[in-house]
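Q: Enclosed is the structure file start_14.pdb (PDB, C-alpha atoms).
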```pdb
ATOM      1  CA  MET F  60       0.000   0.000   0.000  1.00  0.00           C
ATOM      2  CA  SER F  61       1.417   3.392  -0.960  1.00  0.00           C
ATOM      3  CA  GLY F  62       2.276   5.720   1.856  1.00  0.00           C
ATOM      4  CA  LYS F  63       1.328   8.746  -0.210  1.00  0.00           C
ATOM      5  CA  TYR F  64      -1.953  10.392  -1.092  1.00  0.00           C
ATOM      6  CA  VAL F  65      -2.907  13.320  -3.296  1.00  0.00           C
ATOM      7  CA  VAL F  66      -6.159  15.237  -3.301  1.00  0.00           C
ATOM      8  CA  SER F  67      -6.469  17.374  -6.400  1.00  0.00           C
ATOM      9  CA  LEU F  68      -8.759  20.382  -6.041  1.00  0.00           C
ATOM     10  CA  THR F  69      -9.722  22.617  -8.959  1.00  0.00           C
ATOM     11  CA  HIS F  70     -12.391  24.698  -7.220  1.00  0.00           C
ATOM     12  CA  GLY F  71     -12.213  27.422  -4.637  1.00  0.00           C
ATOM     13  CA  LEU F  72     -14.776  30.099  -3.919  1.00  0.00           C
ATOM     14  CA  ASP F  73     -16.623  29.080  -7.111  1.00  0.00           C
ATOM     15  CA  ASN F  74     -17.607  25.771  -5.485  1.00  0.00           C
ATOM     16  CA  THR F  75     -17.100  25.882  -1.755  1.00  0.00           C
ATOM     17  CA  ASP F  76     -18.814  22.529  -1.277  1.00  0.00           C
ATOM     18  CA  LYS F  77     -16.160  20.773  -3.346  1.00  0.00           C
ATOM     19  CA  ALA F  78     -13.356  22.728  -1.710  1.00  0.00           C
ATOM     20  CA  THR F  79     -14.601  21.805   1.755  1.00  0.00           C
ATOM     21  CA  VAL F  80     -15.053  18.097   1.041  1.00  0.00           C
ATOM     22  CA  ALA F  81     -11.633  17.926  -0.595  1.00  0.00           C
ATOM     23  CA  PHE F  82      -9.981  19.104   2.604  1.00  0.00           C
ATOM     24  CA  VAL F  83     -12.123  16.816   4.767  1.00  0.00           C
ATOM     25  CA  VAL F  84     -10.878  13.833   2.757  1.00  0.00           C
ATOM     26  CA  ALA F  85      -7.331  15.191   2.809  1.00  0.00           C
ATOM     27  CA  ASN F  86      -7.573  15.308   6.572  1.00  0.00           C
ATOM     28  CA  ALA F  87      -8.648  11.667   6.586  1.00  0.00           C
ATOM     29  CA  ALA F  88      -5.566  10.836   4.520  1.00  0.00           C
ATOM     30  CA  VAL F  89      -3.105  12.684   6.740  1.00  0.00           C
ATOM     31  CA  ALA F  90      -4.798  11.293   9.837  1.00  0.00           C
ATOM     32  CA  SER F  91      -4.233   7.822   8.381  1.00  0.00           C
ATOM     33  CA  ASP F  92      -0.485   8.503   8.350  1.00  0.00           C
ATOM     34  CA  LYS F  93      -0.302   9.043   4.596  1.00  0.00           C
ATOM     35  CA  ASN F  94       2.262  11.483   3.229  1.00  0.00           C
ATOM     36  CA  SER F  95      -0.468  13.776   1.954  1.00  0.00           C
ATOM     37  CA  VAL F  96      -0.601  16.606  -0.542  1.00  0.00           C
ATOM     38  CA  VAL F  97      -3.482  18.778  -1.636  1.00  0.00           C
ATOM     39  CA  PHE F  98      -2.795  20.067  -5.135  1.00  0.00           C
ATOM     40  CA  LEU F  99      -4.565  23.363  -5.792  1.00  0.00           C
ATOM     41  CA  SER F 100      -5.042  24.247  -9.445  1.00  0.00           C
ATOM     42  CA  ILE F 101      -7.415  26.319 -11.619  1.00  0.00           C
ATOM     43  CA  GLU F 102      -9.693  28.393  -9.323  1.00  0.00           C
ATOM     44  CA  ALA F 103      -8.526  26.550  -6.197  1.00  0.00           C
ATOM     45  CA  VAL F 104      -5.236  28.453  -6.241  1.00  0.00           C
ATOM     46  CA  ARG F 105      -7.071  31.437  -4.766  1.00  0.00           C
ATOM     47  CA  LEU F 106      -7.383  29.458  -1.532  1.00  0.00           C
ATOM     48  CA  SER F 107      -3.607  29.680  -1.154  1.00  0.00           C
ATOM     49  CA  GLN F 108      -3.925  33.321  -0.161  1.00  0.00           C
ATOM     50  CA  LYS F 109      -4.252  34.330   3.467  1.00  0.00           C
ATOM     51  CA  GLY F 110      -7.843  35.106   4.362  1.00  0.00           C
ATOM     52  CA  ALA F 111      -9.333  33.767   1.112  1.00  0.00           C
ATOM     53  CA  ALA F 112     -11.119  30.861   2.788  1.00  0.00           C
ATOM     54  CA  ASP F 113     -12.226  32.767   5.860  1.00  0.00           C
ATOM     55  CA  SER F 114     -15.801  33.283   4.711  1.00  0.00           C
ATOM     56  CA  VAL F 115     -16.421  29.636   3.772  1.00  0.00           C
ATOM     57  CA  HIS F 116     -18.383  27.492   6.191  1.00  0.00           C
ATOM     58  CA  GLU F 117     -20.489  24.764   4.612  1.00  0.00           C
ATOM     59  CA  GLU F 118     -23.362  23.426   6.684  1.00  0.00           C
ATOM     60  CA  GLY F 119     -22.396  20.263   8.525  1.00  0.00           C
ATOM     61  CA  PHE F 120     -18.667  20.846   8.147  1.00  0.00           C
ATOM     62  CA  ALA F 121     -15.972  22.713  10.001  1.00  0.00           C
ATOM     63  CA  PRO F 122     -15.028  26.074   8.463  1.00  0.00           C
ATOM     64  CA  LEU F 123     -12.785  25.656   5.414  1.00  0.00           C
ATOM     65  CA  ALA F 124      -9.951  27.732   6.870  1.00  0.00           C
ATOM     66  CA  GLU F 125      -9.951  25.501   9.939  1.00  0.00           C
ATOM     67  CA  LEU F 126      -9.886  22.335   7.813  1.00  0.00           C
ATOM     68  CA  MET F 127      -6.948  23.698   5.824  1.00  0.00           C
ATOM     69  CA  ALA F 128      -5.037  24.750   8.929  1.00  0.00           C
ATOM     70  CA  ASN F 129      -5.632  21.384  10.574  1.00  0.00           C
ATOM     71  CA  PHE F 130      -4.358  19.605   7.453  1.00  0.00           C
ATOM     72  CA  VAL F 131      -1.102  21.543   7.520  1.00  0.00           C
ATOM     73  CA  LYS F 132      -0.732  21.249  11.281  1.00  0.00           C
ATOM     74  CA  ALA F 133      -1.041  17.465  10.955  1.00  0.00           C
ATOM     75  CA  GLY F 134       1.806  17.374   8.445  1.00  0.00           C
ATOM     76  CA  GLY F 135       0.025  17.780   5.102  1.00  0.00           C
ATOM     77  CA  ALA F 136       1.465  19.892   2.296  1.00  0.00           C
ATOM     78  CA  ILE F 137      -0.365  22.179  -0.100  1.00  0.00           C
ATOM     79  CA  TYR F 138       1.036  22.432  -3.616  1.00  0.00           C
ATOM     80  CA  VAL F 139      -0.138  25.430  -5.630  1.00  0.00           C
ATOM     81  CA  CYS F 140      -0.080  25.225  -9.434  1.00  0.00           C
ATOM     82  CA  SER F 141       2.453  27.755 -10.608  1.00  0.00           C
ATOM     83  CA  PRO F 142       0.915  28.755 -13.981  1.00  0.00           C
ATOM     84  CA  CYS F 143      -2.595  28.944 -12.463  1.00  0.00           C
ATOM     85  CA  PHE F 144      -1.175  31.147  -9.711  1.00  0.00           C
ATOM     86  CA  LYS F 145       0.602  33.414 -12.172  1.00  0.00           C
ATOM     87  CA  LYS F 146      -2.407  33.693 -14.444  1.00  0.00           C
ATOM     88  CA  ARG F 147      -4.449  35.073 -11.556  1.00  0.00           C
ATOM     89  CA  LYS F 148      -1.684  37.450 -10.465  1.00  0.00           C
ATOM     90  CA  LEU F 149      -1.732  36.172  -6.880  1.00  0.00           C
ATOM     91  CA  ASP F 150       0.840  37.155  -4.277  1.00  0.00           C
ATOM     92  CA  GLU F 151       3.674  34.785  -3.332  1.00  0.00           C
ATOM     93  CA  ASN F 152       4.199  36.821  -0.173  1.00  0.00           C
ATOM     94  CA  ASN F 153       0.623  36.187   0.931  1.00  0.00           C
ATOM     95  CA  LEU F 154       0.633  32.383   0.965  1.00  0.00           C
ATOM     96  CA  ILE F 155      -0.993  30.530   3.847  1.00  0.00           C
ATOM     97  CA  PRO F 156       1.320  28.394   6.017  1.00  0.00           C
ATOM     98  CA  GLY F 157       2.072  25.028   4.412  1.00  0.00           C
ATOM     99  CA  ALA F 158       1.450  26.220   0.851  1.00  0.00           C
ATOM    100  CA  ALA F 159       4.165  26.189  -1.796  1.00  0.00           C
ATOM    101  CA  VAL F 160       3.947  27.283  -5.423  1.00  0.00           C
ATOM    102  CA  VAL F 161       5.201  24.406  -7.561  1.00  0.00           C
ATOM    103  CA  GLY F 162       5.431  23.391 -11.175  1.00  0.00           C
ATOM    104  CA  GLY F 163       4.201  20.134 -12.624  1.00  0.00           C
ATOM    105  CA  ALA F 164       7.515  18.355 -12.121  1.00  0.00           C
ATOM    106  CA  LYS F 165       7.232  18.607  -8.351  1.00  0.00           C
ATOM    107  CA  LEU F 166       3.778  17.030  -8.418  1.00  0.00           C
ATOM    108  CA  VAL F 167       4.886  14.331 -10.849  1.00  0.00           C
ATOM    109  CA  GLU F 168       7.879  13.558  -8.646  1.00  0.00           C
ATOM    110  CA  PHE F 169       5.651  13.184  -5.599  1.00  0.00           C
ATOM    111  CA  MET F 170       3.183  10.967  -7.456  1.00  0.00           C
ATOM    112  CA  SER F 171       5.727   8.870  -9.326  1.00  0.00           C
ATOM    113  CA  ASP F 172       5.613   5.912  -6.946  1.00  0.00           C
ATOM    114  CA  ASN F 173       2.088   4.563  -7.481  1.00  0.00           C
ATOM    115  CA  CYS F 174       0.479   7.375  -5.551  1.00  0.00           C
ATOM    116  CA  PRO F 175      -3.320   7.229  -5.339  1.00  0.00           C
ATOM    117  CA  SER F 176      -5.244  10.428  -5.926  1.00  0.00           C
ATOM    118  CA  LEU F 177      -8.727  11.815  -5.727  1.00  0.00           C
ATOM    119  CA  SER F 178      -9.978  14.827  -7.664  1.00  0.00           C
ATOM    120  CA  TYR F 179     -12.549  17.471  -6.829  1.00  0.00           C
TER     121      TYR F 179
ATOM    122  CA  MET L  56     -13.941  -3.021  29.095  1.00  0.00           C
ATOM    123  CA  ASN L  57     -11.477  -0.876  31.008  1.00  0.00           C
ATOM    124  CA  HIS L  58     -10.197   2.285  29.414  1.00  0.00           C
ATOM    125  CA  ASP L  59      -7.815   5.108  30.209  1.00  0.00           C
ATOM    126  CA  PHE L  60      -9.563   7.880  28.315  1.00  0.00           C
ATOM    127  CA  GLU L  61     -13.057   8.494  27.056  1.00  0.00           C
ATOM    128  CA  TRP L  62     -13.885  10.755  24.144  1.00  0.00           C
ATOM    129  CA  ASP L  63     -17.393  11.521  22.941  1.00  0.00           C
ATOM    130  CA  ALA L  64     -16.834  12.504  19.310  1.00  0.00           C
ATOM    131  CA  GLY L  65     -20.524  13.233  18.822  1.00  0.00           C
ATOM    132  CA  GLU L  66     -21.426  13.776  15.183  1.00  0.00           C
ATOM    133  CA  LEU L  67     -17.841  14.337  14.000  1.00  0.00           C
ATOM    134  CA  GLY L  68     -17.148  12.211  10.942  1.00  0.00           C
ATOM    135  CA  CYS L  69     -14.803  11.503   8.062  1.00  0.00           C
ATOM    136  CA  GLY L  70     -11.529  13.415   8.162  1.00  0.00           C
ATOM    137  CA  GLU L  71     -12.485  15.532  11.141  1.00  0.00           C
ATOM    138  CA  LEU L  72     -13.138  12.458  13.265  1.00  0.00           C
ATOM    139  CA  VAL L  73      -9.929  10.603  12.505  1.00  0.00           C
ATOM    140  CA  LEU L  74      -7.727  13.686  12.580  1.00  0.00           C
ATOM    141  CA  GLU L  75      -8.855  14.555  16.082  1.00  0.00           C
ATOM    142  CA  LEU L  76      -8.631  10.904  17.098  1.00  0.00           C
ATOM    143  CA  ARG L  77      -5.057  10.756  15.817  1.00  0.00           C
ATOM    144  CA  ARG L  78      -4.140  13.822  17.853  1.00  0.00           C
ATOM    145  CA  ARG L  79      -5.531  12.192  20.975  1.00  0.00           C
ATOM    146  CA  VAL L  80      -4.000   8.728  20.597  1.00  0.00           C
ATOM    147  CA  ARG L  81      -0.594  10.128  19.665  1.00  0.00           C
ATOM    148  CA  ALA L  82      -0.542  11.956  22.971  1.00  0.00           C
ATOM    149  CA  ALA L  83      -1.133   8.743  24.918  1.00  0.00           C
ATOM    150  CA  PRO L  84       0.755   5.784  23.437  1.00  0.00           C
ATOM    151  CA  GLY L  85      -0.356   2.395  24.715  1.00  0.00           C
ATOM    152  CA  LYS L  86      -3.474   3.756  26.394  1.00  0.00           C
ATOM    153  CA  VAL L  87      -6.993   2.504  25.772  1.00  0.00           C
ATOM    154  CA  PHE L  88      -9.559   4.953  24.475  1.00  0.00           C
ATOM    155  CA  LYS L  89     -13.301   4.557  24.708  1.00  0.00           C
ATOM    156  CA  VAL L  90     -14.658   6.493  21.748  1.00  0.00           C
ATOM    157  CA  ILE L  91     -18.307   7.252  21.097  1.00  0.00           C
ATOM    158  CA  ALA L  92     -18.826   8.181  17.438  1.00  0.00           C
ATOM    159  CA  LEU L  93     -22.327   8.765  16.104  1.00  0.00           C
ATOM    160  CA  ASP L  94     -21.420   9.438  12.469  1.00  0.00           C
ATOM    161  CA  ALA L  95     -22.942   6.900  10.078  1.00  0.00           C
ATOM    162  CA  GLY L  96     -19.558   6.312   8.468  1.00  0.00           C
ATOM    163  CA  ALA L  97     -17.705   5.585  11.693  1.00  0.00           C
ATOM    164  CA  PRO L  98     -18.370   1.791  11.728  1.00  0.00           C
ATOM    165  CA  ALA L  99     -16.525   1.539   8.411  1.00  0.00           C
ATOM    166  CA  ASP L 100     -13.977   4.298   8.992  1.00  0.00           C
ATOM    167  CA  LEU L 101     -12.629   3.486  12.429  1.00  0.00           C
ATOM    168  CA  PRO L 102     -11.638  -0.152  11.712  1.00  0.00           C
ATOM    169  CA  ALA L 103     -10.029   1.007   8.444  1.00  0.00           C
ATOM    170  CA  TRP L 104      -8.188   3.811  10.206  1.00  0.00           C
ATOM    171  CA  CYS L 105      -6.943   1.455  12.929  1.00  0.00           C
ATOM    172  CA  GLY L 106      -5.719  -0.984  10.264  1.00  0.00           C
ATOM    173  CA  MET L 107      -3.755   1.723   8.454  1.00  0.00           C
ATOM    174  CA  THR L 108      -2.238   3.405  11.472  1.00  0.00           C
ATOM    175  CA  GLY L 109      -1.329   0.495  13.728  1.00  0.00           C
ATOM    176  CA  ASN L 110      -3.726   1.460  16.477  1.00  0.00           C
ATOM    177  CA  LYS L 111      -5.717  -1.535  17.672  1.00  0.00           C
ATOM    178  CA  LEU L 112      -9.483  -1.745  17.631  1.00  0.00           C
ATOM    179  CA  LEU L 113     -10.155  -3.867  20.700  1.00  0.00           C
ATOM    180  CA  ALA L 114     -13.945  -3.902  20.575  1.00  0.00           C
ATOM    181  CA  HIS L 115     -16.946  -2.241  18.982  1.00  0.00           C
ATOM    182  CA  ASP L 116     -20.437  -2.051  20.393  1.00  0.00           C
ATOM    183  CA  ALA L 117     -22.709  -1.146  17.491  1.00  0.00           C
ATOM    184  CA  ALA L 118     -25.739  -0.474  19.661  1.00  0.00           C
ATOM    185  CA  SER L 119     -24.038   2.253  21.667  1.00  0.00           C
ATOM    186  CA  ARG L 120     -21.768   3.322  18.781  1.00  0.00           C
ATOM    187  CA  THR L 121     -18.800   2.832  21.043  1.00  0.00           C
ATOM    188  CA  TYR L 122     -15.272   1.755  20.138  1.00  0.00           C
ATOM    189  CA  TRP L 123     -12.379   0.722  22.334  1.00  0.00           C
ATOM    190  CA  ILE L 124      -9.032   1.493  20.727  1.00  0.00           C
ATOM    191  CA  ARG L 125      -5.556   0.875  22.089  1.00  0.00           C
ATOM    192  CA  ALA L 126      -3.131   3.574  20.928  1.00  0.00           C
ATOM    193  CA  LYS L 127      -0.001   2.182  19.339  1.00  0.00           C
ATOM    194  CA  ASP L 128       3.204   2.415  21.382  1.00  0.00           C
TER     195      ASP L 128
END
```
Will you turn the file into structure tokens for me?

A:
Amino acid sequence: MSGKYVVSLTHGLDNTDKATVAFVVANAAVASDKNSVVFLSIEAVRLSQKGAADSVHEEGFAPLAELMANFVKAGGAIYVCSPCFKKRKLDENNLIPGAAVVGGAKLVEFMSDNCPSLSY
Amino acid sequence: MNHDFEWDAGELGCGELVLELRRRVRAAPGKVFKVIALDAGAPADLPAWCGMTGNKLLAHDAASRTYWIRAKD
């Protein structure tokens, strides 16, 4: 069984339900001692900015910012798609803790050893 | 069954349940936890989580939605 897990998230404030569930599942992965990464691409890259998730609280779930912080605190990493980030002119100096802007090679390297993934 | 700690997780489920459970068991290696988890997914999730993490599910009472888990050393 692989010790890695990737959750790929392409939505942010445009679909807060998907964004929330993605981080709930990511938390299950990191809690299960998987080396876990959430890959933010497309609109999800906006969540990499401090304060961006603060207004999101889906019914029946913890607030999104809390889910993201708990994921990082538990040892999870957040990869942020570099071209998606650049396209939206986001600020590298305003990243949330645990987030790193990466290119595709970094993700491919992480996933190169039969890494399971789930996409939202 | 004897236990060292009791945690009523209430309706917490999925990642929120196991992440908080991990935090608790990591702080008390070798101890037995009595966990009450009402989430409908818990009967499937907690045995799976124990199997992946090396914590031991000692017993499960479905009627009271209670689990006894020994934290790994």

Q: Restricting the calculation to only C-alpha atoms, which member of F:Ile101, F:Val115, F:Leu149, F:Ala87 is positioned closest to chain L?

A: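 Ranked by minimum distance to chain L, first place goes to F:Ala87.
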
Q: Closest to L:Glu75 among F:Ala90, F:Leu68, F:Ile155, F:Val83, using only C-alpha atoms?

A: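 Among the listed residues, F:Ala90 lies closest to L:Glu75.
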
Q: At a cut-off of 9 Å from (-1.4, 21.9, 5.8) in the coordinates of the file, what residues are picked up using only C-alpha atoms, written as an NGL selection string?

A: :F and (96-97 or 126-137 or 155-158)

Q: Which residues come within 9 Å of L:Ser119, counting only C-alpha atoms, excluding same-chain residues fewer than 4 positions away, as a list in words?

A: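 Within the cut-off, the hits are Ile91, Ala92, Leu93 and His115 of chain L.
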
Q: Identify, on the basis of only C-alpha atoms, every residue whose closest approach to L:Arg81 does not exceed 12 Å; exclude the query and any residue fewer than 4 positions from it along the same chain; express the result as an mmCIF file with C-alpha atoms, in the coordinates of the input.

A:
```
data_model
loop_
_atom_site.group_PDB
_atom_site.id
_atom_site.type_symbol
_atom_site.label_atom_id
_atom_site.label_comp_id
_atom_site.auth_asym_id
_atom_site.auth_seq_id
_atom_site.Cartn_x
_atom_site.Cartn_y
_atom_site.Cartn_z
ATOM 1 C CA ALA F 90 -4.798 11.293 9.837
ATOM 2 C CA ASP F 92 -0.485 8.503 8.350
ATOM 3 C CA ALA F 133 -1.041 17.465 10.955
ATOM 4 C CA VAL L 73 -9.929 10.603 12.505
ATOM 5 C CA LEU L 74 -7.727 13.686 12.580
ATOM 6 C CA GLU L 75 -8.855 14.555 16.082
ATOM 7 C CA LEU L 76 -8.631 10.904 17.098
ATOM 8 C CA ARG L 77 -5.057 10.756 15.817
ATOM 9 C CA GLY L 85 -0.356 2.395 24.715
ATOM 10 C CA LYS L 86 -3.474 3.756 26.394
ATOM 11 C CA VAL L 87 -6.993 2.504 25.772
ATOM 12 C CA PHE L 88 -9.559 4.953 24.475
ATOM 13 C CA THR L 108 -2.238 3.405 11.472
ATOM 14 C CA GLY L 109 -1.329 0.495 13.728
ATOM 15 C CA ASN L 110 -3.726 1.460 16.477
ATOM 16 C CA ARG L 125 -5.556 0.875 22.089
ATOM 17 C CA ALA L 126 -3.131 3.574 20.928
ATOM 18 C CA LYS L 127 -0.001 2.182 19.339
ATOM 19 C CA ASP L 128 3.204 2.415 21.382
#
```

Q: Given the file shown, determine the residues that the PyMOL selection byres ((chain L and resi 96) around 12) selects; report them as a PDB file with C-alpha atoms, keeping the file's coordinate frame.

A:
```
ATOM      1  CA  GLU L  66     -21.426  13.776  15.183  1.00  0.00           C
ATOM      2  CA  LEU L  67     -17.841  14.337  14.000  1.00  0.00           C
ATOM      3  CA  GLY L  68     -17.148  12.211  10.942  1.00  0.00           C
ATOM      4  CA  CYS L  69     -14.803  11.503   8.062  1.00  0.00           C
ATOM      5  CA  GLY L  70     -11.529  13.415   8.162  1.00  0.00           C
ATOM      6  CA  GLU L  71     -12.485  15.532  11.141  1.00  0.00           C
ATOM      7  CA  LEU L  72     -13.138  12.458  13.265  1.00  0.00           C
ATOM      8  CA  VAL L  73      -9.929  10.603  12.505  1.00  0.00           C
ATOM      9  CA  ALA L  92     -18.826   8.181  17.438  1.00  0.00           C
ATOM     10  CA  LEU L  93     -22.327   8.765  16.104  1.00  0.00           C
ATOM     11  CA  ASP L  94     -21.420   9.438  12.469  1.00  0.00           C
ATOM     12  CA  ALA L  95     -22.942   6.900  10.078  1.00  0.00           C
ATOM     13  CA  ALA L  97     -17.705   5.585  11.693  1.00  0.00           C
ATOM     14  CA  PRO L  98     -18.370   1.791  11.728  1.00  0.00           C
ATOM     15  CA  ALA L  99     -16.525   1.539   8.411  1.00  0.00           C
ATOM     16  CA  ASP L 100     -13.977   4.298   8.992  1.00  0.00           C
ATOM     17  CA  LEU L 101     -12.629   3.486  12.429  1.00  0.00           C
ATOM     18  CA  PRO L 102     -11.638  -0.152  11.712  1.00  0.00           C
ATOM     19  CA  ALA L 103     -10.029   1.007   8.444  1.00  0.00           C
ATOM     20  CA  TRP L 104      -8.188   3.811  10.206  1.00  0.00           C
ATOM     21  CA  ARG L 120     -21.768   3.322  18.781  1.00  0.00           C
TER      22      ARG L 120
END
```

Q: Write out as a list in words each polymer residue whose atoms come within 10 Å of F:Ala112, counting only C-alpha atoms; drop sequence neighbours fewer than 3 positions from it.

A: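 With the cut-off at 10 Å, the set is Gly71, Leu72, Thr75, Ala78, Thr79, Arg105, Leu106, Ser107, Gln108, Lys109, Val115, His116, Pro122, Leu123, Ala124, Glu125, Leu126 and Met127 of chain F.
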
Q: Please, what distance in Å, to one decimal, runs between atom CA of F:Val84 and atom CA of F:Ser100?

A: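 Interatomic distance, atom CA of F:Val84 to atom CA of F:Ser100: 17.1 Å.
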
Q: Step by step, work through what the PyMOL selection byres ((chain L and resi 57) around 10) selects in the shown file, and finish by giving those residues as a PDB file with C-alpha atoms, in the coordinates of the input.

A:
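Output (part-v5.pdb):
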```pdb
ATOM      1  CA  MET L  56     -13.941  -3.021  29.095  1.00  0.00           C
ATOM      2  CA  HIS L  58     -10.197   2.285  29.414  1.00  0.00           C
ATOM      3  CA  ASP L  59      -7.815   5.108  30.209  1.00  0.00           C
ATOM      4  CA  PHE L  60      -9.563   7.880  28.315  1.00  0.00           C
ATOM      5  CA  VAL L  87      -6.993   2.504  25.772  1.00  0.00           C
ATOM      6  CA  PHE L  88      -9.559   4.953  24.475  1.00  0.00           C
ATOM      7  CA  LYS L  89     -13.301   4.557  24.708  1.00  0.00           C
ATOM      8  CA  TRP L 123     -12.379   0.722  22.334  1.00  0.00           C
TER       9      TRP L 123
END
```

Q: Taking N, CA and C atoms as the atom set, what does stretch 71-91 of chain L look like once completed, written as a tab-separated table (two decimals), in the coordinates of the input?

A:
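Result file is result.tsv:
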```tsv
chain	number	residue	atom	x	y	z
L	71	GLU	N	-12.51	14.81	9.87
L	71	GLU	CA	-12.48	15.53	11.14
L	71	GLU	C	-12.42	14.56	12.32
L	72	LEU	N	-13.13	13.47	12.20
L	72	LEU	CA	-13.14	12.46	13.26
L	72	LEU	C	-11.76	11.82	13.43
L	73	VAL	N	-11.19	11.34	12.35
L	73	VAL	CA	-9.93	10.60	12.50
L	73	VAL	C	-8.74	11.53	12.77
L	74	LEU	N	-8.83	12.77	12.29
L	74	LEU	CA	-7.73	13.69	12.58
L	74	LEU	C	-7.68	14.02	14.08
L	75	GLU	N	-8.82	14.27	14.65
L	75	GLU	CA	-8.86	14.56	16.08
L	75	GLU	C	-8.50	13.31	16.90
L	76	LEU	N	-8.97	12.15	16.41
L	76	LEU	CA	-8.63	10.90	17.10
L	76	LEU	C	-7.12	10.66	17.06
L	77	ARG	N	-6.50	10.93	15.92
L	77	ARG	CA	-5.06	10.76	15.82
L	77	ARG	C	-4.34	11.64	16.82
L	78	ARG	N	-4.78	12.89	16.91
L	78	ARG	CA	-4.14	13.82	17.85
L	78	ARG	C	-4.20	13.26	19.28
L	79	ARG	N	-5.36	12.69	19.61
L	79	ARG	CA	-5.53	12.19	20.98
L	79	ARG	C	-4.70	10.94	21.24
L	80	VAL	N	-4.72	9.98	20.32
L	80	VAL	CA	-4.00	8.73	20.60
L	80	VAL	C	-2.48	8.94	20.55
L	81	ARG	N	-2.04	9.87	19.72
L	81	ARG	CA	-0.59	10.13	19.66
L	81	ARG	C	-0.08	10.71	20.97
L	82	ALA	N	-0.95	11.35	21.70
L	82	ALA	CA	-0.54	11.96	22.97
L	82	ALA	C	-0.55	10.94	24.11
L	83	ALA	N	-1.01	9.73	23.84
L	83	ALA	CA	-1.13	8.74	24.92
L	83	ALA	C	-0.83	7.34	24.41
L	84	PRO	N	0.42	7.10	23.99
L	84	PRO	CA	0.76	5.78	23.44
L	84	PRO	C	0.48	4.65	24.43
L	85	GLY	N	-0.10	3.58	23.90
L	85	GLY	CA	-0.36	2.40	24.72
L	85	GLY	C	-1.63	2.46	25.53
L	86	LYS	N	-2.26	3.61	25.58
L	86	LYS	CA	-3.47	3.76	26.39
L	86	LYS	C	-4.72	3.31	25.62
L	87	VAL	N	-5.73	2.94	26.38
L	87	VAL	CA	-6.99	2.50	25.77
L	87	VAL	C	-8.00	3.65	25.80
L	88	PHE	N	-8.57	3.89	24.63
L	88	PHE	CA	-9.56	4.95	24.48
L	88	PHE	C	-10.94	4.34	24.26
L	89	LYS	N	-11.90	4.87	24.99
L	89	LYS	CA	-13.30	4.56	24.71
L	89	LYS	C	-13.83	5.73	23.89
L	90	VAL	N	-14.24	5.43	22.67
L	90	VAL	CA	-14.66	6.49	21.75
L	90	VAL	C	-16.12	6.28	21.36
L	91	ILE	N	-16.91	7.30	21.55
L	91	ILE	CA	-18.31	7.25	21.10
L	91	ILE	C	-18.40	8.10	19.84
```
